[in-house]
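my_file-v7.cif follows; it contains mmCIF, C-alpha atoms.
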```
data_entry
#
loop_
_atom_site.label_atom_id
_atom_site.label_comp_id
_atom_site.auth_asym_id
_atom_site.auth_seq_id
_atom_site.Cartn_x
_atom_site.Cartn_y
_atom_site.Cartn_z
CA MET A 1 96.15 12.99 -29.16
CA ARG A 2 97.78 14.70 -26.20
CA ALA A 3 97.54 17.99 -28.05
CA ALA A 4 93.87 17.38 -28.86
CA ILE A 5 92.92 17.23 -25.16
CA ALA A 6 95.45 19.74 -23.77
CA ASP A 7 93.51 22.92 -24.62
CA LEU A 8 90.95 23.44 -21.84
CA ASP A 9 89.89 26.89 -23.07
CA HIS A 10 88.44 26.14 -26.53
CA PRO A 11 85.79 25.32 -25.46
CA PRO A 12 86.03 26.01 -21.70
CA VAL A 13 86.19 22.59 -20.00
CA THR A 14 87.37 21.41 -16.61
CA ALA A 15 88.60 17.93 -17.60
CA VAL A 16 89.01 15.56 -20.55
CA GLN A 17 89.52 11.81 -20.90
CA LEU A 18 90.34 10.10 -24.18
CA ARG A 19 90.68 6.35 -24.65
CA ILE A 20 91.72 4.90 -28.03
CA SER A 21 91.99 1.17 -28.72
CA GLY A 22 92.10 -1.19 -31.65
CA SER A 23 94.45 -3.25 -33.77
CA ALA A 24 97.40 -0.92 -33.15
CA GLY A 25 97.13 -1.11 -29.37
CA SER A 26 95.60 1.31 -26.91
CA TRP A 27 96.19 4.79 -25.51
CA TYR A 28 94.61 6.68 -22.61
CA GLY A 29 95.14 10.31 -21.67
CA THR A 30 93.62 12.97 -19.46
CA SER A 31 93.85 16.67 -18.79
CA GLY A 32 92.28 18.99 -16.23
CA VAL A 33 90.97 17.97 -12.82
CA ALA A 34 88.11 15.86 -11.52
CA ASP A 35 87.26 18.33 -8.76
CA LEU A 36 88.00 22.06 -8.91
CA ARG A 37 87.98 22.40 -5.14
CA SER A 38 90.49 19.64 -4.35
CA GLU A 39 92.25 19.81 -7.75
CA ARG A 40 92.33 16.01 -7.82
CA PRO A 41 93.49 14.71 -11.22
CA VAL A 42 91.21 12.54 -13.33
CA ARG A 43 91.69 8.79 -12.84
CA PRO A 44 90.96 6.02 -15.37
CA HIS A 45 88.00 4.57 -13.44
CA ASP A 46 86.28 7.86 -12.56
CA LYS A 47 82.58 7.80 -13.38
CA VAL A 48 80.80 10.39 -15.53
CA ARG A 49 77.22 11.03 -16.64
CA VAL A 50 77.04 9.64 -20.18
CA GLY A 51 73.75 11.19 -21.32
CA SER A 52 72.38 9.82 -24.57
CA ILE A 53 74.84 6.94 -24.75
CA THR A 54 72.09 5.44 -22.56
CA LYS A 55 70.12 5.00 -25.78
CA VAL A 56 72.55 2.38 -27.09
CA PHE A 57 72.05 0.24 -23.99
CA VAL A 58 68.26 0.52 -24.33
CA ALA A 59 68.35 -0.27 -28.06
CA THR A 60 70.52 -3.32 -27.38
CA VAL A 61 68.02 -4.69 -24.84
CA VAL A 62 65.13 -4.06 -27.24
CA LEU A 63 66.99 -5.92 -30.00
CA GLN A 64 67.75 -8.79 -27.62
CA LEU A 65 63.99 -9.10 -27.04
CA VAL A 66 63.56 -9.14 -30.82
CA ALA A 67 66.16 -11.91 -31.10
CA GLU A 68 64.24 -13.91 -28.47
CA GLY A 69 61.03 -13.65 -30.49
CA ARG A 70 59.25 -11.58 -27.82
CA LEU A 71 58.94 -8.54 -30.05
CA ALA A 72 59.16 -7.58 -33.72
CA LEU A 73 60.70 -4.38 -35.01
CA SER A 74 57.53 -3.92 -37.07
CA THR A 75 55.28 -4.07 -33.98
CA PRO A 76 53.38 -0.79 -33.40
CA VAL A 77 54.33 0.80 -30.09
CA GLN A 78 50.61 1.44 -29.54
CA ARG A 79 50.11 -2.34 -29.34
CA CYS A 80 52.84 -2.65 -26.70
CA LEU A 81 51.69 0.41 -24.73
CA PRO A 82 47.93 0.70 -25.30
CA GLY A 83 46.35 4.04 -24.48
CA LEU A 84 49.60 5.87 -23.83
CA LEU A 85 49.70 7.86 -27.08
CA PRO A 86 46.71 9.76 -28.52
CA ALA A 87 44.35 7.53 -30.50
CA ALA A 88 44.58 9.88 -33.47
CA PHE A 89 48.29 9.17 -33.98
CA PRO A 90 49.13 6.70 -36.77
CA PRO A 91 50.88 3.42 -35.93
CA ILE A 92 54.54 3.93 -34.98
CA THR A 93 56.74 0.85 -35.10
CA VAL A 94 59.36 -0.09 -32.53
CA GLU A 95 62.06 0.35 -35.18
CA GLN A 96 60.82 3.85 -35.94
CA LEU A 97 61.41 4.71 -32.28
CA LEU A 98 64.94 3.31 -32.37
CA ASN A 99 65.96 5.08 -35.60
CA HIS A 100 64.17 8.36 -34.83
CA THR A 101 61.70 8.22 -37.71
CA SER A 102 58.57 8.24 -35.51
CA GLY A 103 57.38 11.72 -36.53
CA LEU A 104 56.05 12.47 -33.03
CA PRO A 105 55.13 16.11 -32.30
CA ASP A 106 57.29 18.19 -29.98
CA GLU A 107 56.80 18.06 -26.22
CA VAL A 108 55.16 20.94 -24.36
CA GLY A 109 54.98 21.98 -20.72
CA HIS A 110 58.65 21.55 -19.88
CA PRO A 111 60.37 24.28 -17.83
CA GLU A 112 62.06 27.08 -19.76
CA LEU A 113 65.80 26.41 -19.49
CA SER A 114 67.21 29.28 -21.55
CA THR A 115 69.51 30.49 -18.75
CA PRO A 116 72.03 28.59 -16.61
CA GLU A 117 70.20 29.86 -13.53
CA ALA A 118 67.00 28.16 -14.71
CA VAL A 119 68.89 24.93 -15.38
CA PHE A 120 70.32 25.02 -11.87
CA GLU A 121 66.93 25.81 -10.31
CA HIS A 122 65.22 22.85 -12.02
CA ARG A 123 68.03 20.29 -11.62
CA PHE A 124 66.09 18.34 -8.98
CA ASP A 125 62.70 18.28 -10.74
CA ARG A 126 61.08 14.84 -10.53
CA TRP A 127 59.46 13.33 -13.63
CA THR A 128 57.69 10.07 -14.33
CA PRO A 129 57.90 8.42 -17.77
CA GLU A 130 54.13 8.76 -18.10
CA ARG A 131 54.42 12.50 -17.53
CA LEU A 132 57.18 12.70 -20.13
CA VAL A 133 55.00 10.91 -22.70
CA ALA A 134 51.99 13.06 -21.77
CA SER A 135 54.06 16.15 -22.63
CA VAL A 136 53.99 15.17 -26.32
CA SER A 137 51.69 17.76 -27.83
CA ARG A 138 48.34 16.72 -29.30
CA THR A 139 49.14 18.60 -32.49
CA PRO A 140 49.46 16.75 -35.82
CA MET A 141 52.46 14.51 -36.38
CA LYS A 142 55.59 16.24 -37.68
CA PHE A 143 55.66 13.80 -40.59
CA GLU A 144 54.30 10.39 -41.51
CA PRO A 145 56.23 7.77 -39.54
CA GLY A 146 59.15 6.36 -41.51
CA THR A 147 59.45 9.24 -43.98
CA ALA A 148 62.04 11.47 -42.27
CA GLN A 149 64.46 11.42 -39.34
CA ASP A 150 64.19 13.69 -36.28
CA TYR A 151 66.46 12.98 -33.30
CA ARG A 152 64.20 12.88 -30.23
CA GLY A 153 64.66 11.66 -26.68
CA ILE A 154 60.96 10.81 -26.34
CA ASN A 155 61.46 7.91 -28.78
CA TYR A 156 63.65 6.19 -26.22
CA VAL A 157 61.35 7.00 -23.31
CA LEU A 158 58.80 4.90 -25.19
CA ALA A 159 61.37 2.22 -26.09
CA ALA A 160 62.33 1.86 -22.41
CA LEU A 161 58.65 1.54 -21.49
CA VAL A 162 58.34 -1.26 -24.06
CA VAL A 163 61.22 -3.04 -22.29
CA GLU A 164 59.41 -2.64 -18.98
CA ARG A 165 56.14 -3.96 -20.39
CA LEU A 166 57.81 -7.08 -21.82
CA THR A 167 60.17 -7.86 -18.93
CA GLY A 168 58.01 -6.78 -16.00
CA HIS A 169 60.94 -4.83 -14.53
CA HIS A 170 62.27 -1.28 -14.58
CA PHE A 171 64.26 -0.94 -17.78
CA GLY A 172 67.39 -0.24 -15.72
CA ARG A 173 67.13 -3.64 -14.08
CA ALA A 174 66.88 -5.21 -17.54
CA VAL A 175 70.01 -3.33 -18.62
CA GLU A 176 71.82 -4.52 -15.51
CA ALA A 177 70.76 -8.16 -15.88
CA ARG A 178 71.35 -8.41 -19.62
CA LEU A 179 74.36 -6.16 -20.17
CA LEU A 180 76.11 -4.77 -17.10
CA ARG A 181 76.50 -7.91 -14.98
CA PRO A 182 77.35 -10.32 -17.83
CA LEU A 183 80.03 -7.93 -19.11
CA GLY A 184 81.36 -7.05 -15.65
CA LEU A 185 80.68 -3.33 -16.11
CA GLY A 186 81.01 -2.48 -12.43
CA GLY A 187 81.46 1.24 -13.05
CA THR A 188 78.15 1.62 -14.90
CA ASP A 189 74.85 2.48 -13.21
CA VAL A 190 71.25 3.25 -14.06
CA PRO A 191 70.57 5.61 -11.13
CA VAL A 192 66.75 5.86 -11.39
CA HIS A 193 66.10 8.67 -8.86
CA GLU A 194 69.48 8.83 -7.11
CA ARG A 195 70.91 12.34 -7.37
CA ARG A 196 74.55 11.66 -6.53
CA ILE A 197 77.15 9.62 -8.36
CA ARG A 198 78.32 6.74 -6.20
CA GLY A 199 82.06 6.11 -6.08
CA PRO A 200 84.94 8.13 -7.58
CA HIS A 201 83.74 10.47 -10.31
CA VAL A 202 84.43 13.64 -12.24
CA ARG A 203 82.36 16.60 -11.13
CA GLY A 204 80.43 18.71 -13.63
CA TYR A 205 80.20 22.50 -13.53
CA LEU A 206 77.96 25.10 -15.18
CA GLU A 207 78.91 28.75 -15.67
CA MET A 208 76.27 31.19 -14.46
CA SER A 209 75.41 34.46 -16.19
CA ASP A 210 77.77 36.35 -13.87
CA GLY A 211 80.71 34.07 -14.72
CA ARG A 212 80.65 31.95 -11.54
CA LEU A 213 80.99 28.19 -11.87
CA ARG A 214 78.44 26.16 -9.93
CA ASP A 215 78.67 22.44 -9.28
CA ILE A 216 75.91 20.62 -11.17
CA THR A 217 77.10 17.06 -10.55
CA GLU A 218 74.01 16.12 -8.56
CA ILE A 219 70.72 16.08 -10.47
CA ASP A 220 67.48 14.13 -10.49
CA PRO A 221 67.94 11.90 -13.57
CA SER A 222 64.23 11.06 -13.94
CA LYS A 223 63.71 13.67 -16.67
CA ASP A 224 65.99 11.59 -18.91
CA PHE A 225 64.26 8.25 -18.34
CA GLY A 226 65.38 5.71 -20.92
CA GLU A 227 67.27 8.20 -23.01
CA GLY A 228 69.99 9.89 -21.01
CA GLU A 229 70.40 9.07 -17.32
CA MET A 230 73.15 6.45 -17.16
CA ILE A 231 76.54 6.79 -15.45
CA SER A 232 79.66 4.97 -16.66
CA THR A 233 83.44 5.10 -17.18
CA THR A 234 85.49 5.34 -20.35
CA ASP A 235 86.83 1.85 -19.65
CA ASP A 236 83.34 0.35 -19.27
CA LEU A 237 82.14 2.04 -22.45
CA THR A 238 85.12 0.64 -24.35
CA ARG A 239 84.36 -2.84 -23.04
CA PHE A 240 80.68 -2.46 -23.94
CA VAL A 241 81.24 -1.31 -27.52
CA THR A 242 83.85 -4.06 -27.97
CA ALA A 243 81.36 -6.72 -26.84
CA LEU A 244 78.62 -5.24 -29.03
CA PHE A 245 80.75 -5.22 -32.19
CA SER A 246 82.14 -8.68 -31.39
CA ASP A 247 78.64 -10.25 -31.72
CA ARG A 248 78.55 -11.09 -28.02
CA LEU A 249 75.28 -9.24 -27.35
CA LEU A 250 73.24 -9.58 -30.55
CA PRO A 251 72.97 -11.83 -33.60
CA ARG A 252 74.90 -10.35 -36.51
CA ARG A 253 71.70 -9.58 -38.46
CA LEU A 254 70.49 -7.29 -35.67
CA LEU A 255 73.89 -5.65 -35.18
CA ASP A 256 73.82 -4.95 -38.91
CA ARG A 257 70.40 -3.35 -38.41
CA MET A 258 71.85 -1.05 -35.73
CA CYS A 259 74.39 0.12 -38.31
CA THR A 260 71.96 0.54 -41.22
CA LEU A 261 70.56 3.97 -42.07
CA PRO A 262 66.88 4.04 -43.09
CA GLU A 263 66.74 3.96 -46.84
CA GLY A 264 65.75 7.00 -48.86
CA ILE A 265 65.11 9.47 -46.04
CA ARG A 266 66.88 12.52 -44.63
CA MET A 267 66.90 14.47 -41.39
CA ILE A 268 64.11 17.03 -41.15
CA ASP A 269 66.66 19.80 -41.75
CA GLY A 270 67.54 18.21 -45.11
CA THR A 271 70.91 16.77 -44.08
CA PRO A 272 71.65 13.07 -44.64
CA ALA A 273 70.21 10.58 -42.15
CA ARG A 274 72.76 9.63 -39.50
CA PHE A 275 70.96 7.21 -37.15
CA GLY A 276 70.57 3.50 -37.63
CA THR A 277 68.42 1.29 -35.42
CA GLY A 278 70.22 2.27 -32.23
CA LEU A 279 73.55 3.73 -33.37
CA GLN A 280 74.74 7.01 -34.84
CA THR A 281 77.30 7.25 -37.64
CA ALA A 282 80.01 9.82 -38.32
CA THR A 283 82.97 10.06 -40.69
CA ALA A 284 86.29 11.82 -40.06
CA ASN A 285 89.33 11.73 -42.34
CA GLY A 286 87.60 9.04 -44.40
CA VAL A 287 87.11 6.78 -41.38
CA THR A 288 83.46 5.86 -40.69
CA VAL A 289 82.54 4.98 -37.14
CA TRP A 290 79.33 3.93 -35.38
CA GLY A 291 78.35 4.68 -31.80
CA LYS A 292 76.76 7.54 -29.91
CA THR A 293 77.44 10.90 -28.31
CA GLY A 294 75.84 11.95 -25.04
CA GLU A 295 75.44 15.08 -22.94
CA GLN A 296 74.30 16.27 -19.56
CA TYR A 297 74.98 19.71 -18.12
CA GLY A 298 78.67 19.58 -17.18
CA TYR A 299 79.27 16.37 -19.14
CA ALA A 300 79.87 15.47 -22.81
CA ASN A 301 80.87 12.05 -24.11
CA GLY A 302 81.31 9.86 -27.13
CA MET A 303 81.58 6.11 -27.74
CA PHE A 304 82.46 5.04 -31.31
CA SER A 305 84.07 2.19 -33.23
CA THR A 306 84.72 1.17 -36.79
CA ARG A 307 82.74 -1.93 -37.73
CA ASP A 308 85.94 -4.01 -37.87
CA GLN A 309 87.12 -2.55 -34.52
CA GLN A 310 90.39 -1.39 -36.03
CA ARG A 311 89.72 1.82 -34.09
CA ARG A 312 87.59 2.40 -31.00
CA ILE A 313 87.23 5.93 -29.63
CA VAL A 314 85.73 6.78 -26.23
CA PHE A 315 85.95 10.25 -24.73
CA ALA A 316 84.50 12.23 -21.86
CA PHE A 317 84.91 15.95 -21.26
CA HIS A 318 83.32 18.51 -18.98
CA PRO A 319 82.18 21.75 -20.61
CA THR A 320 81.06 24.67 -18.50
CA HIS A 321 78.66 25.76 -21.27
CA ARG A 322 76.22 23.61 -23.22
CA ASP A 323 76.35 25.08 -26.70
CA ALA A 324 77.81 24.67 -30.17
CA THR A 325 81.35 25.48 -29.00
CA GLN A 326 81.61 21.91 -27.67
CA ALA A 327 82.12 20.81 -31.28
CA GLN A 328 85.63 22.30 -31.19
CA LEU A 329 86.88 19.64 -28.78
CA THR A 330 84.89 16.84 -30.40
CA GLN A 331 86.44 17.75 -33.74
CA ARG A 332 89.98 17.83 -32.32
CA ILE A 333 89.47 14.38 -30.80
CA ALA A 334 87.94 12.97 -33.98
CA ASP A 335 90.77 14.35 -36.10
CA ALA A 336 93.51 13.06 -33.80
CA ALA A 337 91.92 9.61 -33.52
CA THR A 338 91.38 9.11 -37.25
CA ARG A 339 94.14 11.03 -39.01
CA PRO A 340 96.57 8.69 -40.82
CA PRO A 341 100.27 9.26 -40.12
CA GLY A 342 101.37 12.20 -42.22
CA GLY A 343 97.85 12.58 -43.59
CA THR A 344 95.65 15.63 -43.99
CA THR A 345 92.62 16.42 -41.89
CA GLY A 346 89.04 15.97 -42.99
CA SER A 347 85.54 16.32 -41.68
CA ALA A 348 84.66 15.46 -38.07
CA PRO A 349 81.45 14.28 -36.45
CA SER A 350 79.09 16.86 -35.05
CA PRO A 351 77.95 16.49 -31.44
CA VAL A 352 74.43 15.21 -30.93
CA ARG A 353 72.74 15.14 -27.56
#
```

Would it be possible to restate this file's structure as structure tokens?
Amino acid sequence: MRAAIADLDHPPVTAVQLRISGSAGSWYGTSGVADLRSERPVRPHDKVRVGSITKVFVATVVLQLVAEGRLALSTPVQRCLPGLLPAAFPPITVEQLLNHTSGLPDEVGHPELSTPEAVFEHRFDRWTPERLVASVSRTPMKFEPGTAQDYRGINYVLAALVVERLTGHHFGRAVEARLLRPLGLGGTDVPVHERRIRGPHVRGYLEMSDGRLRDITEIDPSKDFGEGEMISTTDDLTRFVTALFSDRLLPRRLLDRMCTLPEGIRMIDGTPARFGTGLQTATANGVTVWGKTGEQYGYANGMFSTRDQQRRIVFAFHPTHRDATQAQLTQRIADAATRPPGGTTGSAPSPVR
């Protein structure tokens, strides 16, 4: 595991944290620095932007509302949020949002972010969830809801709005009240519009076209409402996934639903479905885990566990490019965390935003 995180050049990253726990004990290791200017080493309780791991927190709150009888997974989102989606769209159930089988068209009108300079220029853009939903094009659906799987952040924008409609509070306050405070996750935040990361944290960097690294730690998180704006620590994520898989947050039937792939469908690119009702699955060296990856510019993370919690894997690293090369480090971590003693290597999970 030390070897897996020691190479900071393939891909180029500024820091790595890896936390493994389970029946055999626990291990935590780091490499790189939290701040290039001060060269401060990474510490166990440093915060990072966890990107799409946010989705697991939102899905858990939605499923808690289901458990309380305030919502059904079969409820059309149009009934929860009347008038928000075009009237011509077919009914889309809450579960189809959570497992990415909604079939919604692509969004339009977002800034072009094909260069690191454009990413840096737009890092403080302010969005509202209504504006994000309005960016869904009025073209025909990609597919009939429930017939294919297409990983989309907009599904969780809508899911978070459902939480707000039912609770009467910002979805982040619901996450805090239902998950963060009861579990004592003091290093985890839903920042809403706050640009900075409060408390000790690892800084993120983005390489410009001329090779310079620019600090991209501070952003306006509103563009990732409900699907990617949370901040946490590797310790908090380990505690969260432990509580989730220990039936402390949901009835077993709903946890099982999180870990159940929709039957008989595939991703739109033809590959096997890999998202249950809130969790993503991956297999490495014959070990199947459930959890979620997450990304922001300058940040990449993963939170996974086997169903029996024999192995929990939480990692955070800080790439200076956001591209397919990030899979190199993810694969090294997956192989090191799942390889049996003296065993051979196998397939590793692919990163998903």

Spatial neighbours of Pro41 (chain A), max dist 9 Å, all atoms listed in the file, sep filter under 2 positions, as a ChimeraX atom specification:
/A:15,30-35,38-39,43

Using only C-alpha atoms, determine which residues lie at most 8 Å from region 312-319 of chain A, disregarding the query and same-chain residues fewer than 6 positions distant; provide the list as a PyMOL selection string.
chain A and resi 11-22+48+204-206+234+237-238+297-306+326+337

I'd like the neighbourhood of Leu244 (chain A) as a list of chain:residue names, where a residue qualifies if any of its atoms comes within 8 Å (using all atoms listed in the file), though same-chain residues fewer than 5 positions away should be ignored.
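The residues that qualify are A:Leu249, A:Leu250, A:Leu255.
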
For CA of Ala4 (chain A) and CA of Tyr28 (chain A), quote the distance in Å rounded to one decimal.
12.4 Å

List the neighbours of region 77-90 of chain A out to 12 Å using all atoms listed in the file; skip same-chain residues closer than 4 positions along the sequence, and give me the result as a PyMOL selection string.
chain A and resi 70-73+94-98+102-105+129-146+154-167

For the selection just defined, write its residues with C-alpha atoms to a file, as a compact mmCIF listing (two decimals), in the frame of the given file.
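Now in again_11.txt:
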```txt
# COMPACT_ATOMS: atom_id res chain seq x y z
CA ARG A 70 59.25 -11.58 -27.82
CA LEU A 71 58.94 -8.54 -30.05
CA ALA A 72 59.16 -7.58 -33.72
CA LEU A 73 60.70 -4.38 -35.01
CA VAL A 94 59.36 -0.09 -32.53
CA GLU A 95 62.06 0.35 -35.18
CA GLN A 96 60.82 3.85 -35.94
CA LEU A 97 61.41 4.71 -32.28
CA LEU A 98 64.94 3.31 -32.37
CA SER A 102 58.57 8.24 -35.51
CA GLY A 103 57.38 11.72 -36.53
CA LEU A 104 56.05 12.47 -33.03
CA PRO A 105 55.13 16.11 -32.30
CA PRO A 129 57.90 8.42 -17.77
CA GLU A 130 54.13 8.76 -18.10
CA ARG A 131 54.42 12.50 -17.53
CA LEU A 132 57.18 12.70 -20.13
CA VAL A 133 55.00 10.91 -22.70
CA ALA A 134 51.99 13.06 -21.77
CA SER A 135 54.06 16.15 -22.63
CA VAL A 136 53.99 15.17 -26.32
CA SER A 137 51.69 17.76 -27.83
CA ARG A 138 48.34 16.72 -29.30
CA THR A 139 49.14 18.60 -32.49
CA PRO A 140 49.46 16.75 -35.82
CA MET A 141 52.46 14.51 -36.38
CA LYS A 142 55.59 16.24 -37.68
CA PHE A 143 55.66 13.80 -40.59
CA GLU A 144 54.30 10.39 -41.51
CA PRO A 145 56.23 7.77 -39.54
CA GLY A 146 59.15 6.36 -41.51
CA ILE A 154 60.96 10.81 -26.34
CA ASN A 155 61.46 7.91 -28.78
CA TYR A 156 63.65 6.19 -26.22
CA VAL A 157 61.35 7.00 -23.31
CA LEU A 158 58.80 4.90 -25.19
CA ALA A 159 61.37 2.22 -26.09
CA ALA A 160 62.33 1.86 -22.41
CA LEU A 161 58.65 1.54 -21.49
CA VAL A 162 58.34 -1.26 -24.06
CA VAL A 163 61.22 -3.04 -22.29
CA GLU A 164 59.41 -2.64 -18.98
CA ARG A 165 56.14 -3.96 -20.39
CA LEU A 166 57.81 -7.08 -21.82
CA THR A 167 60.17 -7.86 -18.93
```

Select, counting all atoms listed in the file, all protein, DNA and RNA residues no farther than 10 Å from (65.8, 15.5, -33.5) in file coordinates, and express the selection as a PyMOL selection string.
chain A and resi 100-101+103+106+149-155+267-269+352-353

Given all atoms listed in the file as the counted atoms, nearest of A:Pro44, A:Gly184, A:Gly211, A:Gly51 to Gly294 (chain A):
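Checking each of A:Pro44, A:Gly184, A:Gly211, A:Gly51 against Gly294 (chain A), counting all atoms listed in the file, the winner is A:Gly51.
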
Near-Arg198 (chain A) list (12 Å; all atoms listed in the file; drop same-chain fewer than 6 positions) as a list in words:
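The contact residues come out as Asp46, Lys47, Val48, Arg49, Gly186, Gly187, Thr188, Asp189, Val190, Pro191, Thr217, Glu218, Ile231 and Ser232 of chain A.
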
Identify which of the residues A:Ala334, A:Ala324, A:Leu329, A:Leu279 lies closest to Ala6 (chain A), counting all atoms listed in the file when measuring atom-to-atom distances.
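The answer is A:Leu329, which sits nearest to Ala6 (chain A).
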
With all atoms listed in the file as the basis for distance, which of A:Arg126, A:Lys55, A:Arg40, A:Arg178 is at the shortest distance from Glu229 (chain A)?
A:Lys55

For region 184-191 of chain A, take all atoms listed in the file, fit an axis-aligned box around them, add 6 Å to each of the six sides, then output centre and edge lengths in Å rounded to one decimal, as lines of an AutoDock Vina configuration file.
```
center_x = 76.0
center_y = -0.7
center_z = -13.6
size_x = 22.9
size_y = 24.7
size_z = 17.0
```

Between CA of Trp290 (chain A) and CA of Glu263 (chain A), what is the distance, to one decimal in Å?
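Taking CA of Trp290 (chain A) and CA of Glu263 (chain A), their separation equals 17.0 Å.
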
Could you tell me which residues the PyMOL selection byres ((chain A and resi 219) around 9) grabs in this file, written as a ChimeraX atom specification?
/A:122-125,193-196,216-218,220-222

What is the CA of Ala273 (chain A)-CA of Thr260 (chain A) distance in Å, reported with one decimal?
10.2 Å
